[in-house]
>>> print(open('structure_26.pdb').read())   # PDB, C-alpha atoms and all ligand atoms
MODEL        1
ATOM      1  CA  LEU A 189      74.917  71.795  77.971
ATOM      2  CA  CYS A 190      78.399  70.359  78.567
ATOM      3  CA  VAL A 191      79.863  72.726  76.013
ATOM      4  CA  GLU A 192      78.185  75.645  77.781
ATOM      5  CA  VAL A 193      79.510  74.619  81.203
ATOM      6  CA  PHE A 194      82.966  74.163  79.824
ATOM      7  CA  LYS A 195      82.858  77.587  78.260
ATOM      8  CA  ILE A 196      81.798  79.282  81.505
ATOM      9  CA  GLU A 197      84.670  77.601  83.328
ATOM     10  CA  GLU A 198      87.050  78.991  80.738
ATOM     11  CA  VAL A 199      85.618  82.496  80.963
ATOM     12  CA  LEU A 200      85.894  82.421  84.759
ATOM     13  CA  GLU A 201      89.486  81.297  84.556
ATOM     14  CA  GLN A 202      90.320  84.093  82.164
ATOM     15  CA  ALA A 203      88.398  86.564  84.332
ATOM     16  CA  ASP A 204      90.321  85.576  87.461
ATOM     17  CA  TYR A 205      93.576  85.955  85.606
ATOM     18  CA  LEU A 206      92.611  89.484  84.489
ATOM     19  CA  TYR A 207      91.467  90.341  88.018
ATOM     20  CA  GLU A 208      94.764  89.192  89.538
ATOM     21  CA  SER A 209      96.649  91.242  86.935
ATOM     22  CA  GLY A 210      94.635  94.357  87.752
ATOM     23  CA  GLU A 211      93.283  94.566  84.182
ATOM     24  CA  THR A 212      90.063  96.212  85.324
ATOM     25  CA  GLU A 213      88.768  97.462  81.983
ATOM     26  CA  LYS A 214      89.657  94.334  80.021
ATOM     27  CA  LEU A 215      87.915  92.256  82.655
ATOM     28  CA  TYR A 216      84.793  94.380  82.417
ATOM     29  CA  GLN A 217      84.827  94.109  78.605
ATOM     30  CA  LEU A 218      85.192  90.353  78.799
ATOM     31  CA  LEU A 219      82.413  89.816  81.319
ATOM     32  CA  THR A 220      79.848  92.220  79.855
ATOM     33  CA  GLN A 221      79.729  89.955  76.809
ATOM     34  CA  TYR A 222      78.111  87.402  79.123
ATOM     35  CA  LYS A 223      75.823  89.719  81.028
ATOM     36  CA  GLU A 224      72.756  87.667  80.078
ATOM     37  CA  SER A 225      74.327  84.661  81.774
ATOM     38  CA  GLU A 226      72.457  82.840  84.516
ATOM     39  CA  ASP A 227      75.635  81.742  86.215
ATOM     40  CA  ALA A 228      76.019  83.189  89.718
ATOM     41  CA  GLU A 229      79.799  82.816  89.625
ATOM     42  CA  LEU A 230      79.987  84.891  86.473
ATOM     43  CA  LEU A 231      77.450  87.457  87.645
ATOM     44  CA  TRP A 232      79.124  88.363  90.949
ATOM     45  CA  ARG A 233      82.403  88.757  89.121
ATOM     46  CA  LEU A 234      80.653  91.086  86.683
ATOM     47  CA  ALA A 235      79.239  93.066  89.614
ATOM     48  CA  ARG A 236      82.711  93.389  91.079
ATOM     49  CA  ALA A 237      84.169  94.414  87.704
ATOM     50  CA  SER A 238      81.489  97.093  87.166
ATOM     51  CA  ARG A 239      82.174  98.682  90.521
ATOM     52  CA  ASP A 240      85.929  98.474  89.957
ATOM     53  CA  VAL A 241      85.530 100.394  86.679
ATOM     54  CA  ALA A 242      83.270 102.874  88.509
ATOM     55  CA  GLN A 243      86.110 103.533  90.919
ATOM     56  CA  LEU A 244      88.787 104.230  88.296
ATOM     57  CA  SER A 245      89.999 107.836  88.338
ATOM     58  CA  GLY A 246      89.289 108.178  84.595
ATOM     59  CA  THR A 247      85.588 107.349  85.004
ATOM     60  CA  SER A 248      83.234 110.335  84.791
ATOM     61  CA  GLU A 249      80.634 110.987  87.489
ATOM     62  CA  GLU A 250      77.821 110.081  85.111
ATOM     63  CA  GLU A 251      79.446 106.785  84.085
ATOM     64  CA  LYS A 252      80.192 106.038  87.694
ATOM     65  CA  LYS A 253      76.579 106.317  88.727
ATOM     66  CA  PHE A 254      75.503 104.100  85.840
ATOM     67  CA  LEU A 255      78.118 101.461  86.691
ATOM     68  CA  VAL A 256      77.324 101.432  90.384
ATOM     69  CA  TYR A 257      73.634 100.740  89.722
ATOM     70  CA  GLU A 258      74.540  98.222  87.032
ATOM     71  CA  ALA A 259      76.799  96.422  89.503
ATOM     72  CA  LEU A 260      73.946  96.189  91.970
ATOM     73  CA  GLU A 261      71.707  94.615  89.320
ATOM     74  CA  TYR A 262      74.323  91.961  88.535
ATOM     75  CA  ALA A 263      74.916  91.203  92.199
ATOM     76  CA  LYS A 264      71.200  90.898  92.786
ATOM     77  CA  ARG A 265      70.871  88.482  89.882
ATOM     78  CA  ALA A 266      73.850  86.452  91.127
ATOM     79  CA  LEU A 267      72.088  86.074  94.448
ATOM     80  CA  GLU A 268      68.810  85.116  92.776
ATOM     81  CA  LYS A 269      70.641  82.430  90.824
ATOM     82  CA  ASN A 270      72.397  81.012  93.847
ATOM     83  CA  GLU A 271      71.341  81.835  97.398
ATOM     84  CA  SER A 272      74.237  79.780  98.774
ATOM     85  CA  SER A 273      76.932  81.762  97.057
ATOM     86  CA  ARG A 274      78.838  83.636  99.740
ATOM     87  CA  GLU A 275      80.479  85.853  97.144
ATOM     88  CA  ALA A 276      77.056  86.833  95.813
ATOM     89  CA  HIS A 277      75.971  87.813  99.344
ATOM     90  CA  LYS A 278      79.159  89.774  99.866
ATOM     91  CA  TRP A 279      79.045  91.689  96.603
ATOM     92  CA  TYR A 280      75.346  92.353  96.913
ATOM     93  CA  ALA A 281      75.971  93.979 100.305
ATOM     94  CA  ILE A 282      78.919  95.985  98.954
ATOM     95  CA  CYS A 283      76.953  97.188  95.919
ATOM     96  CA  ILE A 284      73.987  98.301  98.028
ATOM     97  CA  GLY A 285      76.449 100.327 100.074
ATOM     98  CA  ASP A 286      77.772 101.986  96.895
ATOM     99  CA  VAL A 287      74.386 103.132  95.616
ATOM    100  CA  GLY A 288      73.778 104.644  99.050
ATOM    101  CA  ASP A 289      75.868 107.610  97.855
ATOM    102  CA  TYR A 290      73.047 108.433  95.410
ATOM    103  CA  GLU A 291      70.109 107.791  97.703
ATOM    104  CA  GLY A 292      68.486 109.756 100.472
ATOM    105  CA  ILE A 293      69.066 109.244 104.150
ATOM    106  CA  LYS A 294      65.916 107.139 104.526
ATOM    107  CA  ALA A 295      66.967 104.629 101.857
ATOM    108  CA  LYS A 296      70.462 104.594 103.305
ATOM    109  CA  ILE A 297      69.251 103.638 106.757
ATOM    110  CA  ALA A 298      66.825 101.039 105.361
ATOM    111  CA  ASN A 299      69.708  99.576 103.357
ATOM    112  CA  ALA A 300      71.889  99.324 106.441
ATOM    113  CA  TYR A 301      69.759  96.407 107.682
ATOM    114  CA  ILE A 302      69.970  94.611 104.352
ATOM    115  CA  ILE A 303      73.722  95.125 104.118
ATOM    116  CA  LYS A 304      74.249  93.675 107.587
ATOM    117  CA  GLU A 305      72.085  90.658 106.837
ATOM    118  CA  HIS A 306      74.074  89.775 103.722
ATOM    119  CA  PHE A 307      77.488  90.239 105.305
ATOM    120  CA  GLU A 308      76.365  87.988 108.147
ATOM    121  CA  LYS A 309      75.197  85.402 105.651
ATOM    122  CA  ALA A 310      78.510  85.624 103.758
ATOM    123  CA  ILE A 311      80.425  85.050 107.009
ATOM    124  CA  GLU A 312      78.138  82.185 107.976
ATOM    125  CA  LEU A 313      78.771  80.522 104.609
ATOM    126  CA  ASN A 314      82.504  81.075 104.962
ATOM    127  CA  PRO A 315      83.771  81.836 108.478
ATOM    128  CA  LYS A 316      87.292  82.189 107.068
ATOM    129  CA  ASP A 317      86.415  85.062 104.749
ATOM    130  CA  ALA A 318      88.521  87.833 106.298
ATOM    131  CA  THR A 319      87.165  90.474 103.888
ATOM    132  CA  SER A 320      83.525  89.903 104.829
ATOM    133  CA  ILE A 321      84.452  89.961 108.522
ATOM    134  CA  HIS A 322      86.346  93.204 107.964
ATOM    135  CA  LEU A 323      83.359  94.715 106.114
ATOM    136  CA  MET A 324      81.099  93.760 108.983
ATOM    137  CA  GLY A 325      83.527  95.659 111.233
ATOM    138  CA  ILE A 326      83.282  98.682 108.938
ATOM    139  CA  TRP A 327      79.501  98.431 109.152
ATOM    140  CA  CYS A 328      79.636  98.533 112.982
ATOM    141  CA  TYR A 329      82.184 101.360 112.965
ATOM    142  CA  THR A 330      80.064 103.458 110.573
ATOM    143  CA  VAL A 331      76.885 102.910 112.576
ATOM    144  CA  ALA A 332      78.701 103.656 115.878
ATOM    145  CA  GLU A 333      79.996 106.862 114.305
ATOM    146  CA  MET A 334      76.591 107.925 112.919
ATOM    147  CA  PRO A 335      76.034 111.601 113.699
ATOM    148  CA  TRP A 336      73.256 112.517 116.153
ATOM    149  CA  TYR A 337      70.959 114.042 113.515
ATOM    150  CA  GLN A 338      71.021 110.829 111.447
ATOM    151  CA  ARG A 339      70.362 108.814 114.576
ATOM    152  CA  ARG A 340      67.379 111.033 115.235
ATOM    153  CA  ILE A 341      66.018 110.548 111.715
ATOM    154  CA  ALA A 342      66.549 106.802 112.101
ATOM    155  CA  LYS A 343      64.557 106.799 115.332
ATOM    156  CA  VAL A 344      61.691 108.640 113.700
ATOM    157  CA  LEU A 345      61.597 106.375 110.648
ATOM    158  CA  PHE A 346      62.285 102.961 112.086
ATOM    159  CA  ALA A 347      61.106 101.139 115.179
ATOM    160  CA  THR A 348      64.571  99.718 115.781
ATOM    161  CA  PRO A 349      67.224 101.932 114.211
ATOM    162  CA  PRO A 350      70.516 100.226 113.347
ATOM    163  CA  SER A 351      72.851 100.310 116.299
ATOM    164  CA  SER A 352      76.376  99.194 117.068
ATOM    165  CA  THR A 353      79.419 100.076 119.149
ATOM    166  CA  TYR A 354      83.149 100.563 118.625
ATOM    167  CA  GLU A 355      83.721  97.501 120.816
ATOM    168  CA  GLU A 356      81.683  95.415 118.397
ATOM    169  CA  ALA A 357      83.610  96.843 115.431
ATOM    170  CA  LEU A 358      86.861  96.012 117.185
ATOM    171  CA  GLY A 359      85.733  92.411 117.658
ATOM    172  CA  TYR A 360      85.270  92.001 113.904
ATOM    173  CA  PHE A 361      88.572  93.669 112.964
ATOM    174  CA  HIS A 362      90.435  91.411 115.395
ATOM    175  CA  ARG A 363      88.601  88.353 114.127
ATOM    176  CA  ALA A 364      89.501  89.241 110.525
ATOM    177  CA  GLU A 365      93.136  89.592 111.582
ATOM    178  CA  GLN A 366      93.036  86.193 113.295
ATOM    179  CA  VAL A 367      91.568  84.492 110.248
ATOM    180  CA  ASP A 368      94.117  86.021 107.888
ATOM    181  CA  PRO A 369      96.888  88.064 109.555
ATOM    182  CA  ASN A 370      98.057  91.133 107.607
ATOM    183  CA  PHE A 371      95.609  90.488 104.754
ATOM    184  CA  TYR A 372      94.584  94.106 104.238
ATOM    185  CA  SER A 373      96.144  97.448 105.157
ATOM    186  CA  LYS A 374      92.734  98.946 105.878
ATOM    187  CA  ASN A 375      91.965  96.381 108.566
ATOM    188  CA  LEU A 376      95.141  97.455 110.387
ATOM    189  CA  LEU A 377      94.198 101.121 109.999
ATOM    190  CA  LEU A 378      90.689 100.494 111.320
ATOM    191  CA  LEU A 379      92.045  98.599 114.337
ATOM    192  CA  GLY A 380      94.110 101.709 115.097
ATOM    193  CA  LYS A 381      91.211 104.101 114.474
ATOM    194  CA  THR A 382      88.809 102.072 116.609
ATOM    195  CA  TYR A 383      91.280 102.003 119.494
ATOM    196  CA  LEU A 384      91.570 105.781 119.115
ATOM    197  CA  LYS A 385      87.800 106.079 119.427
ATOM    198  CA  LEU A 386      88.036 103.957 122.582
ATOM    199  CA  HIS A 387      90.843 106.236 123.895
ATOM    200  CA  ASN A 388      93.379 103.441 123.988
ATOM    201  CA  LYS A 389      96.434 105.218 122.589
ATOM    202  CA  LYS A 390      98.847 102.396 123.234
ATOM    203  CA  PHE A 391      97.002  99.854 121.111
ATOM    204  CA  ALA A 392      96.073 102.541 118.592
ATOM    205  CA  ALA A 393      99.765 103.344 118.095
ATOM    206  CA  PHE A 394     100.566  99.655 117.693
ATOM    207  CA  TRP A 395      98.044  99.082 114.861
ATOM    208  CA  LEU A 396      98.587 102.440 113.156
ATOM    209  CA  THR A 397     102.312 101.701 112.995
ATOM    210  CA  LYS A 398     101.552  98.369 111.363
ATOM    211  CA  ALA A 399      99.287 100.160 108.848
ATOM    212  CA  LYS A 400     101.973 102.757 108.134
ATOM    213  CA  ASP A 401     104.630 100.071 107.545
ATOM    214  CA  TYR A 402     102.383  97.880 105.385
ATOM    215  CA  PRO A 403     103.968  97.211 101.966
ATOM    216  CA  VAL A 404     102.252  99.320  99.297
ATOM    217  CA  HIS A 405     100.760  97.306  96.415
ATOM    218  CA  THR A 406      97.709  99.350  95.484
ATOM    219  CA  GLU A 407      96.562 102.940  95.306
ATOM    220  CA  GLU A 408      94.485 102.264  98.407
ATOM    221  CA  ASP A 409      97.479 100.950 100.404
ATOM    222  CA  LYS A 410      99.184 104.248  99.695
ATOM    223  CA  GLN A 411      96.218 106.284 100.986
ATOM    224  CA  ILE A 412      96.035 104.078 104.083
ATOM    225  CA  GLN A 413      99.736 104.563 104.731
ATOM    226  CA  THR A 414      99.352 108.351 104.536
ATOM    227  CA  GLU A 415      96.325 108.364 106.820
ATOM    228  CA  ALA A 416      98.038 106.132 109.383
ATOM    229  CA  ALA A 417     101.143 108.352 109.359
ATOM    230  CA  GLN A 418      99.011 111.480 109.842
ATOM    231  CA  LEU A 419      97.119 109.960 112.763
ATOM    232  CA  LEU A 420     100.379 108.892 114.376
ATOM    233  CA  THR A 421     101.936 112.380 114.179
ATOM    234  CA  GLY A 422      98.619 113.769 115.413
ATOM    235  CA  PHE A 423      98.791 112.082 118.722
ATOM    236  CA  SER A 424     102.514 112.174 119.320
ATOM    237  CA  ASP A 425     102.091 115.992 119.299
ATOM    238  CA  LYS A 426      99.527 115.798 122.063
ATOM    239  CA  ASN A 427     101.737 113.622 124.260
TER     240      ASN A 427
HETATM  241  C1  LIG B 501      75.971  77.731  94.678
HETATM  242  O1  LIG B 501      77.153  78.176  95.322
HETATM  243  C2  LIG B 501      77.734  77.205  96.173
HETATM  244  C3  LIG B 501      78.886  77.879  96.903
HETATM  245  O2  LIG B 501      79.757  78.559  96.055
HETATM  246  C4  LIG B 501      78.155  76.005  95.362
HETATM  247  O3  LIG B 501      78.745  75.026  96.185
HETATM  248  C5  LIG B 501      76.941  75.440  94.637
HETATM  249  O4  LIG B 501      77.334  74.393  93.802
HETATM  250  C6  LIG B 501      76.237  76.518  93.825
HETATM  251  N1  LIG B 501      75.002  76.008  93.298
HETATM  252  C7  LIG B 501      74.661  76.095  92.019
HETATM  253  C8  LIG B 501      73.318  75.604  91.667
HETATM  254  O5  LIG B 501      75.421  76.555  91.179
ENDMDL
END
>>> encode(input="structure_26.pdb", output="structure tokens")
Amino acid sequence: LCVEVFKIEEVLEQADYLYESGETEKLYQLLTQYKESEDAELLWRLARASRDVAQLSGTSEEEKKFLVYEALEYAKRALEKNESSREAHKWYAICIGDVGDYEGIKAKIANAYIIKEHFEKAIELNPKDATSIHLMGIWCYTVAEMPWYQRRIAKVLFATPPSSTYEEALGYFHRAEQVDPNFYSKNLLLLGKTYLKLHNKKFAAFWLTKAKDYPVHTEEDKQIQTEAAQLLTGFSDKN
């Protein structure tokens, strides 16, 4: 048993090194060798790696679908193995969101409740987890933005359809920023976008400028920067 534990520790260390270095495919190859593992720590990392490979530009649509469902399986198993693992709750919620792209509107709405529950649990287990707080904000923003026809379907199908407001979303984005200032370009962008929804141009401009000036480290940062810049030109024209 001791040998086994020691080995898992080593694999996790190697996995975290590969993750930090952005070696997405190598990380996936390493962790899939241990996919029968019962270790929650290993399984949520495998879930994360599967969805990261799914998101690579070189991944075909067919592979992507396979990986996204595979990721959900791993996340689910991680949670089964350890109900107190905040990372397992977080990645389970994220993975359910991903498969939503392949499911009908009914499943998507049903999943919205489950996603919320697991993000809340992740935050409860770690109130300093800025990413989970941010994702909860995204959840609120998405639900607040839900088009009328989806809202109508939700009302027909469920006694209490998911509901939220931009104010609630804003609360989470601010809280994430408090916990870990400047941790993520997208949180800055969403602060700006939420203020736009609330017709507060002054605060919107403040956060969008921060998003635009955020140092670019990833492909996503670059997309965020472009979107922030576009939104800023958009409303300087109107003034
Ligand atoms: C479950 O996860 C928590 C939080 O990461 C950890 O403290 C605990 O030791 C884990 N339990 C087991 C049985 O691995």
>>> residues_near_ligand(input="structure_26.pdb", ligand="ligand LIG 501 (chain B)", cutoff="6 Å", atoms="all atoms listed in the file", output="MDAnalysis selection string")
chainID A and resid 270 272:273
>>> closest_residue(input="structure_26.pdb", among="A:Lys294, A:His306, A:Lys374, A:Arg340", to="His322 (chain A)", atoms="all atoms listed in the file")
A:Lys374
>>> closest_residue(input="structure_26.pdb", among="A:Thr212, A:Thr319, A:Glu224, A:Tyr262", to="Ala242 (chain A)", atoms="only C-alpha atoms")
A:Thr212
>>> resolve_selection(input="structure_26.pdb", expression="the PyMOL selection byres (((chain A and resi 259) around 7) and not hetatm)", output="list in words")
Ala235, Arg236, Ser238, Arg239, Leu255, Val256, Tyr257, Glu258, Leu260, Glu261, Tyr262, Ala263 and Cys283 of chain A
>>> write_last_selection(input="structure_26.pdb", atoms="C-alpha atoms", output="short mmCIF file (atom, residue, chain, number, x, y, z; two decimals), keeping the file's coordinate frame")
data_model
loop_
_atom_site.label_atom_id
_atom_site.label_comp_id
_atom_site.auth_asym_id
_atom_site.auth_seq_id
_atom_site.Cartn_x
_atom_site.Cartn_y
_atom_site.Cartn_z
CA ALA A 235 79.24 93.07 89.61
CA ARG A 236 82.71 93.39 91.08
CA SER A 238 81.49 97.09 87.17
CA ARG A 239 82.17 98.68 90.52
CA LEU A 255 78.12 101.46 86.69
CA VAL A 256 77.32 101.43 90.38
CA TYR A 257 73.63 100.74 89.72
CA GLU A 258 74.54 98.22 87.03
CA LEU A 260 73.95 96.19 91.97
CA GLU A 261 71.71 94.62 89.32
CA TYR A 262 74.32 91.96 88.54
CA ALA A 263 74.92 91.20 92.20
CA CYS A 283 76.95 97.19 95.92
#
>>> closest_residue(input="structure_26.pdb", among="A:Lys381, A:Lys400, A:Lys316, A:Lys410", to="Asp368 (chain A)", atoms="only C-alpha atoms")
A:Lys316
>>> residues_near_point(input="structure_26.pdb", point="(78.5, 96.5, 109.7)", cutoff="8 Å", atoms="all atoms listed in the file", output="ChimeraX atom specification")
/A:300,303-304,307,323-331,357
>>> atom_distance(input="structure_26.pdb", atom1="CA of Leu200 (chain A)", atom2="CA of Arg233 (chain A)")
8.4 Å
>>> resolve_selection(input="structure_26.pdb", expression="the PyMOL selection byres (((chain A and resi 349) around 12) and not hetatm)", output="ChimeraX atom specification")
/A:294,296-301,331-332,334,338-348,350-352
>>> write_last_selection(input="structure_26.pdb", atoms="C-alpha atoms", output="PDB file, in the coordinates of the input")
ATOM      1  CA  LYS A 294      65.916 107.139 104.526  1.00  0.00           C
ATOM      2  CA  LYS A 296      70.462 104.594 103.305  1.00  0.00           C
ATOM      3  CA  ILE A 297      69.251 103.638 106.757  1.00  0.00           C
ATOM      4  CA  ALA A 298      66.825 101.039 105.361  1.00  0.00           C
ATOM      5  CA  ASN A 299      69.708  99.576 103.357  1.00  0.00           C
ATOM      6  CA  ALA A 300      71.889  99.324 106.441  1.00  0.00           C
ATOM      7  CA  TYR A 301      69.759  96.407 107.682  1.00  0.00           C
ATOM      8  CA  VAL A 331      76.885 102.910 112.576  1.00  0.00           C
ATOM      9  CA  ALA A 332      78.701 103.656 115.878  1.00  0.00           C
ATOM     10  CA  MET A 334      76.591 107.925 112.919  1.00  0.00           C
ATOM     11  CA  GLN A 338      71.021 110.829 111.447  1.00  0.00           C
ATOM     12  CA  ARG A 339      70.362 108.814 114.576  1.00  0.00           C
ATOM     13  CA  ARG A 340      67.379 111.033 115.235  1.00  0.00           C
ATOM     14  CA  ILE A 341      66.018 110.548 111.715  1.00  0.00           C
ATOM     15  CA  ALA A 342      66.549 106.802 112.101  1.00  0.00           C
ATOM     16  CA  LYS A 343      64.557 106.799 115.332  1.00  0.00           C
ATOM     17  CA  VAL A 344      61.691 108.640 113.700  1.00  0.00           C
ATOM     18  CA  LEU A 345      61.597 106.375 110.648  1.00  0.00           C
ATOM     19  CA  PHE A 346      62.285 102.961 112.086  1.00  0.00           C
ATOM     20  CA  ALA A 347      61.106 101.139 115.179  1.00  0.00           C
ATOM     21  CA  THR A 348      64.571  99.718 115.781  1.00  0.00           C
ATOM     22  CA  PRO A 350      70.516 100.226 113.347  1.00  0.00           C
ATOM     23  CA  SER A 351      72.851 100.310 116.299  1.00  0.00           C
ATOM     24  CA  SER A 352      76.376  99.194 117.068  1.00  0.00           C
TER      25      SER A 352
END
>>> decode(input="structure_26.pdb", residues="region 324-333 of chain A", atoms="all heavy atoms", output="compact mmCIF listing (two decimals), in the first residue's frame")
# COMPACT_ATOMS: atom_id res chain seq x y z
N MET A 324 -19.30 30.64 -10.73
CA MET A 324 -20.64 30.86 -10.19
C MET A 324 -21.22 32.16 -10.78
O MET A 324 -22.41 32.23 -11.10
CB MET A 324 -20.53 30.93 -8.66
CG MET A 324 -21.78 30.69 -7.90
SD MET A 324 -22.65 29.20 -8.29
CE MET A 324 -24.26 29.88 -8.52
N GLY A 325 -20.36 33.17 -10.92
CA GLY A 325 -20.77 34.42 -11.56
C GLY A 325 -21.20 34.20 -13.00
O GLY A 325 -22.22 34.72 -13.46
N ILE A 326 -20.43 33.38 -13.71
CA ILE A 326 -20.76 33.05 -15.11
C ILE A 326 -22.12 32.35 -15.16
O ILE A 326 -22.93 32.61 -16.05
CB ILE A 326 -19.70 32.10 -15.73
CG1 ILE A 326 -18.34 32.80 -15.80
CG2 ILE A 326 -20.13 31.57 -17.09
CD1 ILE A 326 -18.11 33.64 -17.01
N TRP A 327 -22.33 31.46 -14.20
CA TRP A 327 -23.61 30.75 -14.14
C TRP A 327 -24.76 31.76 -14.03
O TRP A 327 -25.73 31.70 -14.78
CB TRP A 327 -23.63 29.78 -12.94
CG TRP A 327 -24.82 28.88 -12.91
CD1 TRP A 327 -24.88 27.62 -13.45
CD2 TRP A 327 -26.11 29.14 -12.33
NE1 TRP A 327 -26.13 27.09 -13.24
CE2 TRP A 327 -26.92 28.01 -12.57
CE3 TRP A 327 -26.66 30.22 -11.66
CZ2 TRP A 327 -28.23 27.91 -12.15
CZ3 TRP A 327 -27.99 30.14 -11.24
CH2 TRP A 327 -28.76 28.99 -11.49
N CYS A 328 -24.64 32.70 -13.10
CA CYS A 328 -25.69 33.72 -12.89
C CYS A 328 -25.87 34.56 -14.15
O CYS A 328 -27.01 34.83 -14.56
CB CYS A 328 -25.32 34.64 -11.73
SG CYS A 328 -25.27 33.81 -10.14
N TYR A 329 -24.75 34.97 -14.74
CA TYR A 329 -24.80 35.81 -15.94
C TYR A 329 -25.53 35.08 -17.07
O TYR A 329 -26.39 35.64 -17.74
CB TYR A 329 -23.36 36.15 -16.35
CG TYR A 329 -23.25 37.12 -17.51
CD1 TYR A 329 -23.11 38.50 -17.26
CD2 TYR A 329 -23.25 36.68 -18.82
CE1 TYR A 329 -22.99 39.40 -18.32
CE2 TYR A 329 -23.14 37.57 -19.88
CZ TYR A 329 -23.01 38.92 -19.62
OH TYR A 329 -22.89 39.80 -20.67
N THR A 330 -25.19 33.81 -17.27
CA THR A 330 -25.80 33.01 -18.34
C THR A 330 -27.30 32.84 -18.12
O THR A 330 -28.08 32.96 -19.06
CB THR A 330 -25.13 31.62 -18.41
OG1 THR A 330 -23.72 31.80 -18.41
CG2 THR A 330 -25.53 30.87 -19.66
N VAL A 331 -27.67 32.57 -16.87
CA VAL A 331 -29.10 32.38 -16.57
C VAL A 331 -29.85 33.71 -16.72
O VAL A 331 -30.95 33.76 -17.27
CB VAL A 331 -29.29 31.79 -15.15
CG1 VAL A 331 -30.75 31.80 -14.74
CG2 VAL A 331 -28.76 30.35 -15.12
N ALA A 332 -29.22 34.82 -16.27
CA ALA A 332 -29.86 36.14 -16.39
C ALA A 332 -30.08 36.49 -17.87
O ALA A 332 -31.05 37.14 -18.23
CB ALA A 332 -29.00 37.21 -15.71
N GLU A 333 -29.15 36.00 -18.71
CA GLU A 333 -29.16 36.33 -20.12
C GLU A 333 -30.05 35.39 -20.95
O GLU A 333 -30.22 35.58 -22.15
CB GLU A 333 -27.71 36.22 -20.62
CG GLU A 333 -27.40 36.96 -21.88
CD GLU A 333 -25.95 36.73 -22.28
OE1 GLU A 333 -25.43 35.62 -22.10
OE2 GLU A 333 -25.35 37.67 -22.79
